[in-house]
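Engineer: My structure is stored as coords21.cif, with mmCIF, N, CA and C atoms.
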data_protein
loop_
_atom_site.label_atom_id
_atom_site.label_comp_id
_atom_site.auth_asym_id
_atom_site.auth_seq_id
_atom_site.Cartn_x
_atom_site.Cartn_y
_atom_site.Cartn_z
N MET A 4 40.98 -1.81 -19.24
CA MET A 4 40.70 -3.00 -18.48
C MET A 4 41.00 -2.72 -17.01
N ASP A 5 40.07 -3.03 -16.16
CA ASP A 5 40.26 -2.90 -14.72
C ASP A 5 40.57 -4.28 -14.14
N LEU A 6 41.31 -4.29 -13.06
CA LEU A 6 41.56 -5.54 -12.36
C LEU A 6 40.29 -5.95 -11.63
N PRO A 7 40.04 -7.25 -11.49
CA PRO A 7 38.84 -7.66 -10.75
C PRO A 7 38.96 -7.27 -9.28
N ASP A 8 37.85 -6.86 -8.69
CA ASP A 8 37.86 -6.43 -7.29
C ASP A 8 38.36 -7.52 -6.35
N SER A 9 38.14 -8.77 -6.72
CA SER A 9 38.53 -9.88 -5.85
C SER A 9 40.04 -9.99 -5.66
N ILE A 10 40.82 -9.40 -6.54
CA ILE A 10 42.28 -9.48 -6.42
C ILE A 10 42.77 -8.83 -5.13
N TYR A 11 42.04 -7.88 -4.62
CA TYR A 11 42.46 -7.16 -3.42
C TYR A 11 42.25 -7.97 -2.15
N LYS A 12 41.56 -9.08 -2.27
CA LYS A 12 41.36 -9.96 -1.12
C LYS A 12 42.50 -10.95 -0.97
N LEU A 13 43.42 -10.96 -1.92
CA LEU A 13 44.57 -11.87 -1.89
C LEU A 13 45.68 -11.25 -1.04
N GLN A 14 45.45 -11.19 0.24
CA GLN A 14 46.36 -10.48 1.13
C GLN A 14 47.71 -11.17 1.29
N HIS A 15 47.84 -12.41 0.88
CA HIS A 15 49.11 -13.13 0.98
C HIS A 15 49.84 -13.20 -0.35
N LEU A 16 49.34 -12.51 -1.34
CA LEU A 16 49.98 -12.47 -2.66
C LEU A 16 51.35 -11.81 -2.53
N SER A 17 52.39 -12.47 -3.05
CA SER A 17 53.74 -11.89 -2.95
C SER A 17 54.28 -11.41 -4.29
N VAL A 18 53.73 -11.92 -5.40
CA VAL A 18 54.18 -11.53 -6.74
C VAL A 18 52.96 -11.18 -7.57
N LEU A 19 53.00 -10.01 -8.21
CA LEU A 19 51.93 -9.60 -9.12
C LEU A 19 52.57 -9.11 -10.40
N GLU A 20 52.35 -9.83 -11.47
CA GLU A 20 52.93 -9.49 -12.76
C GLU A 20 51.80 -9.21 -13.74
N ILE A 21 51.72 -7.96 -14.17
CA ILE A 21 50.68 -7.53 -15.10
C ILE A 21 51.34 -6.92 -16.33
N SER A 22 52.52 -7.36 -16.66
CA SER A 22 53.27 -6.75 -17.76
C SER A 22 52.58 -6.97 -19.10
N HIS A 23 52.83 -6.04 -20.01
CA HIS A 23 52.31 -6.05 -21.38
C HIS A 23 50.79 -6.01 -21.45
N CYS A 24 50.17 -5.48 -20.42
CA CYS A 24 48.71 -5.33 -20.42
C CYS A 24 48.42 -3.91 -20.89
N THR A 25 48.37 -3.75 -22.20
CA THR A 25 48.30 -2.41 -22.78
C THR A 25 46.98 -1.68 -22.50
N LYS A 26 45.97 -2.39 -22.05
CA LYS A 26 44.68 -1.75 -21.79
C LYS A 26 44.41 -1.52 -20.31
N LEU A 27 45.36 -1.86 -19.48
CA LEU A 27 45.19 -1.66 -18.04
C LEU A 27 45.09 -0.17 -17.73
N LYS A 28 44.11 0.19 -16.90
CA LYS A 28 43.92 1.58 -16.50
C LYS A 28 44.20 1.71 -15.01
N ILE A 29 45.11 2.59 -14.68
CA ILE A 29 45.36 2.93 -13.29
C ILE A 29 45.48 4.44 -13.28
N GLY A 30 44.44 5.10 -12.85
CA GLY A 30 44.46 6.55 -12.91
C GLY A 30 43.34 7.14 -12.09
N ARG A 31 43.04 8.39 -12.38
CA ARG A 31 42.02 9.10 -11.61
C ARG A 31 40.76 9.38 -12.41
N SER A 32 40.48 8.60 -13.40
CA SER A 32 39.27 8.85 -14.18
C SER A 32 38.05 8.60 -13.30
N PRO A 33 36.96 9.28 -13.56
CA PRO A 33 35.77 9.16 -12.72
C PRO A 33 35.23 7.74 -12.64
N THR A 34 35.42 6.94 -13.67
CA THR A 34 34.87 5.59 -13.66
C THR A 34 35.84 4.58 -13.09
N TYR A 35 37.05 5.01 -12.78
CA TYR A 35 38.06 4.07 -12.32
C TYR A 35 37.89 3.78 -10.83
N HIS A 36 37.94 2.50 -10.48
CA HIS A 36 37.81 2.17 -9.07
C HIS A 36 38.72 1.04 -8.62
N SER A 37 39.40 0.40 -9.51
CA SER A 37 40.14 -0.81 -9.16
C SER A 37 41.14 -0.62 -8.04
N PHE A 38 42.11 0.26 -8.20
CA PHE A 38 43.11 0.40 -7.16
C PHE A 38 42.58 1.19 -5.97
N GLY A 39 41.42 1.80 -6.11
CA GLY A 39 40.81 2.46 -4.97
C GLY A 39 40.44 1.46 -3.88
N SER A 40 40.22 0.21 -4.24
CA SER A 40 39.89 -0.83 -3.27
C SER A 40 41.06 -1.15 -2.35
N LEU A 41 42.24 -0.69 -2.69
CA LEU A 41 43.40 -0.96 -1.86
C LEU A 41 43.25 -0.39 -0.46
N SER A 42 42.53 0.72 -0.35
CA SER A 42 42.39 1.32 0.97
C SER A 42 41.69 0.38 1.93
N GLU A 43 40.87 -0.51 1.41
CA GLU A 43 40.16 -1.46 2.25
C GLU A 43 41.01 -2.69 2.54
N TYR A 44 41.83 -3.11 1.56
CA TYR A 44 42.57 -4.36 1.71
C TYR A 44 44.08 -4.18 1.69
N GLY A 45 44.62 -3.66 0.63
CA GLY A 45 46.06 -3.56 0.47
C GLY A 45 46.66 -4.89 0.05
N PHE A 46 47.89 -4.83 -0.41
CA PHE A 46 48.66 -6.03 -0.75
C PHE A 46 49.75 -6.14 0.31
N LEU A 47 49.39 -6.66 1.45
CA LEU A 47 50.26 -6.60 2.61
C LEU A 47 51.52 -7.45 2.51
N LYS A 48 51.52 -8.45 1.63
CA LYS A 48 52.69 -9.34 1.48
C LYS A 48 53.38 -9.18 0.13
N LEU A 49 52.89 -8.28 -0.70
CA LEU A 49 53.43 -8.15 -2.05
C LEU A 49 54.86 -7.62 -2.01
N GLU A 50 55.78 -8.39 -2.62
CA GLU A 50 57.18 -8.01 -2.68
C GLU A 50 57.61 -7.62 -4.09
N TYR A 51 56.90 -8.09 -5.10
CA TYR A 51 57.32 -7.94 -6.50
C TYR A 51 56.12 -7.46 -7.31
N LEU A 52 56.23 -6.29 -7.91
CA LEU A 52 55.16 -5.75 -8.75
C LEU A 52 55.74 -5.39 -10.11
N ASN A 53 55.24 -6.03 -11.15
CA ASN A 53 55.73 -5.80 -12.51
C ASN A 53 54.60 -5.24 -13.35
N LEU A 54 54.74 -4.01 -13.78
CA LEU A 54 53.78 -3.35 -14.66
C LEU A 54 54.45 -2.94 -15.97
N ASN A 55 55.52 -3.65 -16.34
CA ASN A 55 56.26 -3.33 -17.56
C ASN A 55 55.35 -3.29 -18.78
N ASN A 56 55.57 -2.29 -19.61
CA ASN A 56 54.89 -2.13 -20.89
C ASN A 56 53.37 -2.04 -20.78
N CYS A 57 52.87 -1.56 -19.66
CA CYS A 57 51.46 -1.22 -19.53
C CYS A 57 51.34 0.23 -20.00
N GLU A 58 51.15 0.39 -21.28
CA GLU A 58 51.24 1.70 -21.93
C GLU A 58 50.24 2.72 -21.43
N ASN A 59 49.10 2.28 -20.92
CA ASN A 59 48.10 3.21 -20.40
C ASN A 59 48.48 3.77 -19.03
N LEU A 60 49.51 3.23 -18.43
CA LEU A 60 49.94 3.70 -17.12
C LEU A 60 50.67 5.03 -17.29
N THR A 61 50.04 6.11 -16.83
CA THR A 61 50.61 7.45 -16.99
C THR A 61 50.90 8.13 -15.66
N GLU A 62 50.30 7.65 -14.58
CA GLU A 62 50.57 8.23 -13.27
C GLU A 62 50.57 7.14 -12.21
N LEU A 63 51.24 7.42 -11.12
CA LEU A 63 51.44 6.41 -10.09
C LEU A 63 50.82 6.77 -8.75
N ASP A 64 50.12 7.88 -8.66
CA ASP A 64 49.62 8.34 -7.36
C ASP A 64 48.86 7.26 -6.60
N LEU A 65 48.03 6.49 -7.30
CA LEU A 65 47.24 5.46 -6.62
C LEU A 65 48.07 4.25 -6.23
N LEU A 66 49.21 4.07 -6.85
CA LEU A 66 50.08 2.93 -6.53
C LEU A 66 51.11 3.26 -5.47
N MET A 67 51.52 4.49 -5.40
CA MET A 67 52.64 4.86 -4.53
C MET A 67 52.19 5.19 -3.12
N MET A 68 51.52 4.24 -2.51
CA MET A 68 51.05 4.39 -1.13
C MET A 68 51.69 3.28 -0.31
N PRO A 69 52.73 3.59 0.44
CA PRO A 69 53.48 2.57 1.16
C PRO A 69 52.64 1.71 2.09
N ASP A 70 51.58 2.26 2.66
CA ASP A 70 50.74 1.47 3.56
C ASP A 70 50.05 0.32 2.84
N TYR A 71 49.84 0.45 1.55
CA TYR A 71 49.17 -0.60 0.78
C TYR A 71 50.15 -1.67 0.30
N PHE A 72 51.43 -1.33 0.26
CA PHE A 72 52.47 -2.26 -0.21
C PHE A 72 53.64 -2.24 0.77
N PRO A 73 53.44 -2.59 2.03
CA PRO A 73 54.50 -2.42 3.03
C PRO A 73 55.73 -3.30 2.81
N GLU A 74 55.61 -4.38 2.05
CA GLU A 74 56.73 -5.29 1.83
C GLU A 74 57.35 -5.16 0.44
N LEU A 75 56.93 -4.20 -0.36
CA LEU A 75 57.38 -4.09 -1.75
C LEU A 75 58.89 -3.90 -1.83
N LYS A 76 59.55 -4.82 -2.58
CA LYS A 76 61.00 -4.78 -2.75
C LYS A 76 61.40 -4.51 -4.20
N TYR A 77 60.58 -4.95 -5.14
CA TYR A 77 60.92 -4.86 -6.56
C TYR A 77 59.75 -4.23 -7.31
N LEU A 78 60.02 -3.11 -7.97
CA LEU A 78 58.99 -2.39 -8.72
C LEU A 78 59.50 -2.16 -10.13
N TYR A 79 58.78 -2.70 -11.11
CA TYR A 79 59.18 -2.60 -12.51
C TYR A 79 58.11 -1.84 -13.28
N LEU A 80 58.52 -0.73 -13.87
CA LEU A 80 57.63 0.15 -14.62
C LEU A 80 58.16 0.41 -16.03
N ASP A 81 59.06 -0.44 -16.51
CA ASP A 81 59.69 -0.25 -17.82
C ASP A 81 58.64 -0.11 -18.92
N GLY A 82 58.87 0.83 -19.83
CA GLY A 82 58.02 0.97 -21.00
C GLY A 82 56.64 1.54 -20.73
N THR A 83 56.44 2.13 -19.56
CA THR A 83 55.15 2.78 -19.28
C THR A 83 55.25 4.25 -19.70
N ASN A 84 54.15 4.95 -19.65
CA ASN A 84 54.11 6.36 -20.03
C ASN A 84 53.99 7.28 -18.81
N ILE A 85 54.56 6.85 -17.69
CA ILE A 85 54.53 7.70 -16.50
C ILE A 85 55.34 8.97 -16.75
N ARG A 86 54.89 10.06 -16.14
CA ARG A 86 55.57 11.35 -16.31
C ARG A 86 56.41 11.71 -15.09
N MET A 87 56.04 11.17 -13.94
CA MET A 87 56.80 11.44 -12.73
C MET A 87 56.58 10.31 -11.73
N ILE A 88 57.52 10.19 -10.83
CA ILE A 88 57.38 9.25 -9.73
C ILE A 88 57.08 10.10 -8.50
N PRO A 89 55.99 9.80 -7.80
CA PRO A 89 55.60 10.63 -6.65
C PRO A 89 56.64 10.61 -5.52
N GLU A 90 56.65 11.68 -4.74
CA GLU A 90 57.55 11.80 -3.59
C GLU A 90 57.36 10.65 -2.60
N SER A 91 56.17 10.09 -2.56
CA SER A 91 55.88 9.03 -1.60
C SER A 91 56.75 7.79 -1.79
N ILE A 92 57.43 7.66 -2.93
CA ILE A 92 58.29 6.49 -3.12
C ILE A 92 59.39 6.45 -2.06
N SER A 93 59.75 7.58 -1.53
CA SER A 93 60.81 7.63 -0.51
C SER A 93 60.40 6.91 0.78
N ARG A 94 59.11 6.66 0.96
CA ARG A 94 58.62 5.98 2.17
C ARG A 94 58.49 4.47 2.00
N PHE A 95 58.89 3.94 0.85
CA PHE A 95 58.88 2.49 0.65
C PHE A 95 60.18 1.93 1.26
N ALA A 96 60.13 1.64 2.54
CA ALA A 96 61.33 1.31 3.31
C ALA A 96 62.04 0.04 2.86
N ARG A 97 61.36 -0.84 2.15
CA ARG A 97 61.97 -2.11 1.74
C ARG A 97 62.32 -2.16 0.25
N LEU A 98 61.99 -1.13 -0.49
CA LEU A 98 62.21 -1.13 -1.94
C LEU A 98 63.71 -1.21 -2.25
N ARG A 99 64.09 -2.24 -3.01
CA ARG A 99 65.50 -2.46 -3.34
C ARG A 99 65.80 -2.21 -4.81
N ARG A 100 64.83 -2.44 -5.67
CA ARG A 100 65.09 -2.35 -7.11
C ARG A 100 63.95 -1.60 -7.79
N LEU A 101 64.33 -0.66 -8.66
CA LEU A 101 63.36 0.11 -9.43
C LEU A 101 63.74 0.04 -10.90
N GLY A 102 62.84 -0.48 -11.71
CA GLY A 102 63.06 -0.55 -13.16
C GLY A 102 62.18 0.47 -13.86
N ILE A 103 62.83 1.41 -14.57
CA ILE A 103 62.09 2.44 -15.30
C ILE A 103 62.68 2.63 -16.70
N LYS A 104 63.20 1.56 -17.27
CA LYS A 104 63.77 1.65 -18.62
C LYS A 104 62.70 2.04 -19.63
N ASN A 105 63.10 2.80 -20.62
CA ASN A 105 62.23 3.16 -21.74
C ASN A 105 60.95 3.88 -21.32
N CYS A 106 61.02 4.63 -20.24
CA CYS A 106 59.89 5.48 -19.83
C CYS A 106 60.12 6.84 -20.49
N MET A 107 59.71 6.96 -21.73
CA MET A 107 60.03 8.12 -22.56
C MET A 107 59.41 9.42 -22.05
N GLN A 108 58.32 9.35 -21.28
CA GLN A 108 57.65 10.55 -20.78
C GLN A 108 58.13 10.94 -19.39
N LEU A 109 58.92 10.09 -18.74
CA LEU A 109 59.35 10.33 -17.37
C LEU A 109 60.24 11.56 -17.29
N ARG A 110 59.81 12.53 -16.48
CA ARG A 110 60.55 13.78 -16.35
C ARG A 110 61.18 13.94 -14.97
N LYS A 111 60.52 13.37 -13.94
CA LYS A 111 60.96 13.66 -12.58
C LYS A 111 61.02 12.39 -11.73
N ILE A 112 62.14 12.26 -11.03
CA ILE A 112 62.31 11.20 -10.04
C ILE A 112 62.74 11.89 -8.74
N PRO A 113 61.99 11.72 -7.67
CA PRO A 113 62.38 12.33 -6.40
C PRO A 113 63.47 11.50 -5.71
N ARG A 114 63.82 11.90 -4.53
CA ARG A 114 64.76 11.11 -3.72
C ARG A 114 64.15 9.74 -3.47
N LEU A 115 64.95 8.72 -3.64
CA LEU A 115 64.49 7.34 -3.46
C LEU A 115 64.77 6.88 -2.03
N PRO A 116 64.12 5.80 -1.60
CA PRO A 116 64.37 5.32 -0.23
C PRO A 116 65.81 4.85 -0.05
N GLN A 117 66.29 4.88 1.17
CA GLN A 117 67.66 4.45 1.46
C GLN A 117 67.87 2.98 1.16
N SER A 118 66.83 2.20 1.16
CA SER A 118 66.93 0.76 0.91
C SER A 118 67.24 0.42 -0.54
N ILE A 119 67.06 1.37 -1.46
CA ILE A 119 67.22 1.10 -2.90
C ILE A 119 68.67 0.71 -3.20
N ARG A 120 68.84 -0.33 -4.01
CA ARG A 120 70.17 -0.80 -4.39
C ARG A 120 70.39 -0.76 -5.89
N THR A 121 69.32 -0.88 -6.66
CA THR A 121 69.47 -0.92 -8.11
C THR A 121 68.38 -0.08 -8.76
N VAL A 122 68.80 0.80 -9.65
CA VAL A 122 67.87 1.57 -10.47
C VAL A 122 68.32 1.41 -11.91
N CYS A 123 67.41 1.00 -12.75
CA CYS A 123 67.72 0.91 -14.18
C CYS A 123 66.83 1.92 -14.89
N ALA A 124 67.45 3.01 -15.35
CA ALA A 124 66.72 4.12 -15.95
C ALA A 124 67.21 4.41 -17.36
N MET A 125 67.55 3.36 -18.09
CA MET A 125 68.06 3.56 -19.45
C MET A 125 66.95 4.06 -20.38
N ASN A 126 67.34 4.93 -21.28
CA ASN A 126 66.46 5.40 -22.34
C ASN A 126 65.26 6.21 -21.82
N CYS A 127 65.47 6.93 -20.73
CA CYS A 127 64.45 7.85 -20.21
C CYS A 127 64.81 9.23 -20.73
N LYS A 128 64.47 9.49 -21.95
CA LYS A 128 64.95 10.66 -22.68
C LYS A 128 64.43 12.00 -22.16
N SER A 129 63.32 12.00 -21.43
CA SER A 129 62.75 13.26 -20.93
C SER A 129 63.16 13.58 -19.51
N LEU A 130 63.95 12.74 -18.88
CA LEU A 130 64.34 12.93 -17.49
C LEU A 130 65.13 14.22 -17.31
N ASN A 131 64.70 15.06 -16.36
CA ASN A 131 65.37 16.35 -16.17
C ASN A 131 66.70 16.18 -15.42
N SER A 132 67.55 17.18 -15.55
CA SER A 132 68.90 17.10 -14.97
C SER A 132 68.86 17.05 -13.45
N GLU A 133 67.88 17.69 -12.83
CA GLU A 133 67.75 17.65 -11.37
C GLU A 133 67.53 16.21 -10.90
N SER A 134 66.68 15.47 -11.60
CA SER A 134 66.41 14.08 -11.25
C SER A 134 67.64 13.21 -11.46
N LEU A 135 68.35 13.46 -12.55
CA LEU A 135 69.59 12.71 -12.81
C LEU A 135 70.61 12.95 -11.70
N ASN A 136 70.77 14.20 -11.32
CA ASN A 136 71.71 14.54 -10.24
C ASN A 136 71.29 13.91 -8.92
N CYS A 137 70.00 13.88 -8.66
CA CYS A 137 69.48 13.27 -7.44
C CYS A 137 69.82 11.78 -7.42
N LEU A 138 69.61 11.11 -8.54
CA LEU A 138 69.95 9.69 -8.63
C LEU A 138 71.44 9.46 -8.40
N LEU A 139 72.25 10.26 -9.05
CA LEU A 139 73.70 10.10 -8.95
C LEU A 139 74.23 10.40 -7.55
N SER A 140 73.53 11.25 -6.81
CA SER A 140 74.00 11.63 -5.47
C SER A 140 73.69 10.58 -4.41
N GLN A 141 72.88 9.61 -4.75
CA GLN A 141 72.53 8.58 -3.77
C GLN A 141 73.62 7.51 -3.78
N VAL A 142 74.59 7.70 -2.94
CA VAL A 142 75.77 6.85 -2.95
C VAL A 142 75.49 5.41 -2.56
N SER A 143 74.33 5.14 -1.95
CA SER A 143 74.02 3.77 -1.55
C SER A 143 73.66 2.88 -2.74
N LEU A 144 73.47 3.50 -3.91
CA LEU A 144 73.12 2.70 -5.08
C LEU A 144 74.31 1.84 -5.51
N SER A 145 74.06 0.56 -5.65
CA SER A 145 75.13 -0.32 -6.10
C SER A 145 75.15 -0.41 -7.62
N LEU A 146 74.04 -0.15 -8.25
CA LEU A 146 73.98 -0.23 -9.70
C LEU A 146 73.00 0.81 -10.22
N LEU A 147 73.49 1.67 -11.06
CA LEU A 147 72.65 2.69 -11.68
C LEU A 147 72.95 2.67 -13.16
N LYS A 148 71.97 2.25 -13.93
CA LYS A 148 72.14 2.22 -15.38
C LYS A 148 71.34 3.35 -15.98
N LEU A 149 72.02 4.26 -16.67
CA LEU A 149 71.33 5.39 -17.30
C LEU A 149 71.45 5.29 -18.80
#
Let me see whether you can do it: turn the structure in this file into structure tokens.

Structural biologist:
Amino acid sequence: MDLPDSIYKLQHLSVLEISHCTKLKIGRSPTYHSFGSLSEYGFLKLEYLNLNNCENLTELDLLMMPDYFPELKYLYLDGTNIRMIPESISRFARLRRLGIKNCMQLRKIPRLPQSIRTVCAMNCKSLNSESLNCLLSQVSLSLLKL
């Protein structure tokens, strides 16, 4: 399932919750175009993005573009099948909370932005030790649940 193109015209949207949408596609398939429309519009006021339990979500490259989400503060990816979080997450200057619980395929988390205060990464069984050490070394975190 693709999001309707008209959603990208909602430039004042501050909350987008698409959780439990098991057929949502966000990726690089040749027929996929939904999030590609962001380059034209972006979600300039979006502060809260919830993609929990969107099982088809396996990569974040198209989502992790700070210019498209300049106000993003809360990002929830719990129960998705993402394998890594792109390095570009470090450029989300306002991101305060990251939820990645039960991301069983998640192997890599890069350095997070300095603004981050809470990371919930429980039950991420494939997470490599380098990523765990990186998370633990970020002393600005007020809450880290592993």

Engineer: Which residues, written as a list in words, have at least one atom at most 8 Å from range 69-71 of chain A, with only N, CA and C atoms counted and residues fewer than 3 positions away on the same chain left out?

Structural biologist: Leu41, Ser42, Tyr44, Gly45, Phe46, Leu47, Lys48, Leu49, Leu66, Glu74, Leu75, Ser91, Ile92, Arg94, Phe95 and Ala96 of chain A

Engineer: Kindly give the distance, in Å, that separates atom N of Ile21 in chain A and CA of Asn55 in chain A, rounded to a single decimal.

Structural biologist: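 Taking atom N of Ile21 in chain A and CA of Asn55 in chain A, their separation equals 7.3 Å.
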
Engineer: For the structure shown, which residues end up in the PyMOL selection byres ((chain A and resi 18) around 5)? Put them as an MDAnalysis selection string, please?

Structural biologist: chainID A and resid 16:17 19:20 50:51

Engineer: Can you write just those residues out, N, CA and C atoms, as a PDB file, keeping the file's coordinate frame?

Structural biologist:
ATOM      1  N   LEU A  16      49.340 -12.510  -1.340  1.00  0.00           N
ATOM      2  CA  LEU A  16      49.980 -12.470  -2.660  1.00  0.00           C
ATOM      3  C   LEU A  16      51.350 -11.810  -2.530  1.00  0.00           C
ATOM      4  N   SER A  17      52.390 -12.470  -3.050  1.00  0.00           N
ATOM      5  CA  SER A  17      53.740 -11.890  -2.950  1.00  0.00           C
ATOM      6  C   SER A  17      54.280 -11.410  -4.290  1.00  0.00           C
ATOM      7  N   LEU A  19      53.000 -10.010  -8.210  1.00  0.00           N
ATOM      8  CA  LEU A  19      51.930  -9.600  -9.120  1.00  0.00           C
ATOM      9  C   LEU A  19      52.570  -9.110 -10.400  1.00  0.00           C
ATOM     10  N   GLU A  20      52.350  -9.830 -11.470  1.00  0.00           N
ATOM     11  CA  GLU A  20      52.930  -9.490 -12.760  1.00  0.00           C
ATOM     12  C   GLU A  20      51.800  -9.210 -13.740  1.00  0.00           C
ATOM     13  N   GLU A  50      55.780  -8.390  -2.620  1.00  0.00           N
ATOM     14  CA  GLU A  50      57.180  -8.010  -2.680  1.00  0.00           C
ATOM     15  C   GLU A  50      57.610  -7.620  -4.090  1.00  0.00           C
ATOM     16  N   TYR A  51      56.900  -8.090  -5.100  1.00  0.00           N
ATOM     17  CA  TYR A  51      57.320  -7.940  -6.500  1.00  0.00           C
ATOM     18  C   TYR A  51      56.120  -7.460  -7.310  1.00  0.00           C
TER      19      TYR A  51
END

Engineer: Choose the residue, out of A:Thr121, A:Gln141, A:Asn136, A:Asn84, that has the smallest atom-to-atom separation from Cys106 in chain A; count only C-alpha atoms.

Structural biologist: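 Of A:Thr121, A:Gln141, A:Asn136, A:Asn84, the one nearest Cys106 in chain A, counting only C-alpha atoms, is A:Asn84.
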
Engineer: Give me, please, the distance in Å between CA of Pro113 in chain A and CA of Leu52 in chain A, quoted to one decimal.

Structural biologist: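 If I compute the distance from CA of Pro113 in chain A to CA of Leu52 in chain A, I get 19.6 Å.
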
Engineer: Counting all atoms listed in the file, which of A:His15, A:Arg100, A:Lys76, A:Lys26 gets nearest to Arg120 in chain A?

Structural biologist: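 Closest candidate: A:Arg100.
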
Engineer: Evaluate the PyMOL selection byres ((chain A and resi 126) around 6.5) here and jot the selected residues down as a PDB file with N, CA and C atoms, in the coordinates of the input.

Structural biologist:
ATOM      1  N   LYS A 104      63.200   1.560 -17.270  1.00  0.00           N
ATOM      2  CA  LYS A 104      63.770   1.650 -18.620  1.00  0.00           C
ATOM      3  C   LYS A 104      62.700   2.040 -19.630  1.00  0.00           C
ATOM      4  N   ASN A 105      63.100   2.800 -20.620  1.00  0.00           N
ATOM      5  CA  ASN A 105      62.230   3.160 -21.740  1.00  0.00           C
ATOM      6  C   ASN A 105      60.950   3.880 -21.320  1.00  0.00           C
ATOM      7  N   CYS A 106      61.020   4.630 -20.240  1.00  0.00           N
ATOM      8  CA  CYS A 106      59.890   5.480 -19.830  1.00  0.00           C
ATOM      9  C   CYS A 106      60.120   6.840 -20.490  1.00  0.00           C
ATOM     10  N   MET A 107      59.710   6.960 -21.730  1.00  0.00           N
ATOM     11  CA  MET A 107      60.030   8.120 -22.560  1.00  0.00           C
ATOM     12  C   MET A 107      59.410   9.420 -22.050  1.00  0.00           C
ATOM     13  N   ALA A 124      67.450   3.010 -15.350  1.00  0.00           N
ATOM     14  CA  ALA A 124      66.720   4.120 -15.950  1.00  0.00           C
ATOM     15  C   ALA A 124      67.210   4.410 -17.360  1.00  0.00           C
ATOM     16  N   MET A 125      67.550   3.360 -18.090  1.00  0.00           N
ATOM     17  CA  MET A 125      68.060   3.560 -19.450  1.00  0.00           C
ATOM     18  C   MET A 125      66.950   4.060 -20.380  1.00  0.00           C
ATOM     19  N   CYS A 127      65.470   6.930 -20.730  1.00  0.00           N
ATOM     20  CA  CYS A 127      64.450   7.850 -20.210  1.00  0.00           C
ATOM     21  C   CYS A 127      64.810   9.230 -20.730  1.00  0.00           C
ATOM     22  N   LYS A 128      64.470   9.490 -21.950  1.00  0.00           N
ATOM     23  CA  LYS A 128      64.950  10.660 -22.680  1.00  0.00           C
ATOM     24  C   LYS A 128      64.430  12.000 -22.160  1.00  0.00           C
ATOM     25  N   SER A 129      63.320  12.000 -21.430  1.00  0.00           N
ATOM     26  CA  SER A 129      62.750  13.260 -20.930  1.00  0.00           C
ATOM     27  C   SER A 129      63.160  13.580 -19.510  1.00  0.00           C
ATOM     28  N   LEU A 149      72.020   4.260 -16.670  1.00  0.00           N
ATOM     29  CA  LEU A 149      71.330   5.390 -17.300  1.00  0.00           C
ATOM     30  C   LEU A 149      71.450   5.290 -18.800  1.00  0.00           C
TER      31      LEU A 149
END

Engineer: Hey, what comes out of the PyMOL selection byres ((chain A and resi 111) around 8) on this file? Could you write it as a PyMOL selection string?

Structural biologist: chain A and resi 85-89+108-110+112-114+129-131+133-135

Engineer: Edge lengths and centre in Å to one decimal, as lines of an AutoDock Vina configuration file, is what I'm after for the box along x, y and z that holds all listed atoms of range 4-17 of chain A once 5 Å is added on each side.

Structural biologist:
center_x = 46.1
center_y = -7.5
center_z = -9.0
size_x = 26.4
size_y = 21.4
size_z = 30.5

Engineer: Please run DSSP on the backbone and report, as JSON, numbers by chain, all residues within chain A that come out as strand (DSSP E or B).

Structural biologist: {"A": [18, 19, 20, 51, 52, 53, 77, 78, 79, 87, 100, 101, 102, 111, 121, 122, 123, 146, 147, 148]}

Engineer: Would you mind reading off the distance between CA of Pro73 in chain A and atom C of Leu54 in chain A, one decimal, in Å?

Structural biologist: 19.0 Å

Engineer: Which of these, A:Met68, A:Asp81, A:Thr25, A:Glu58, has the shortest distance to Ile103 in chain A once you count all atoms listed in the file?

Structural biologist: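 Selected residue with least distance to Ile103 in chain A: A:Asp81.
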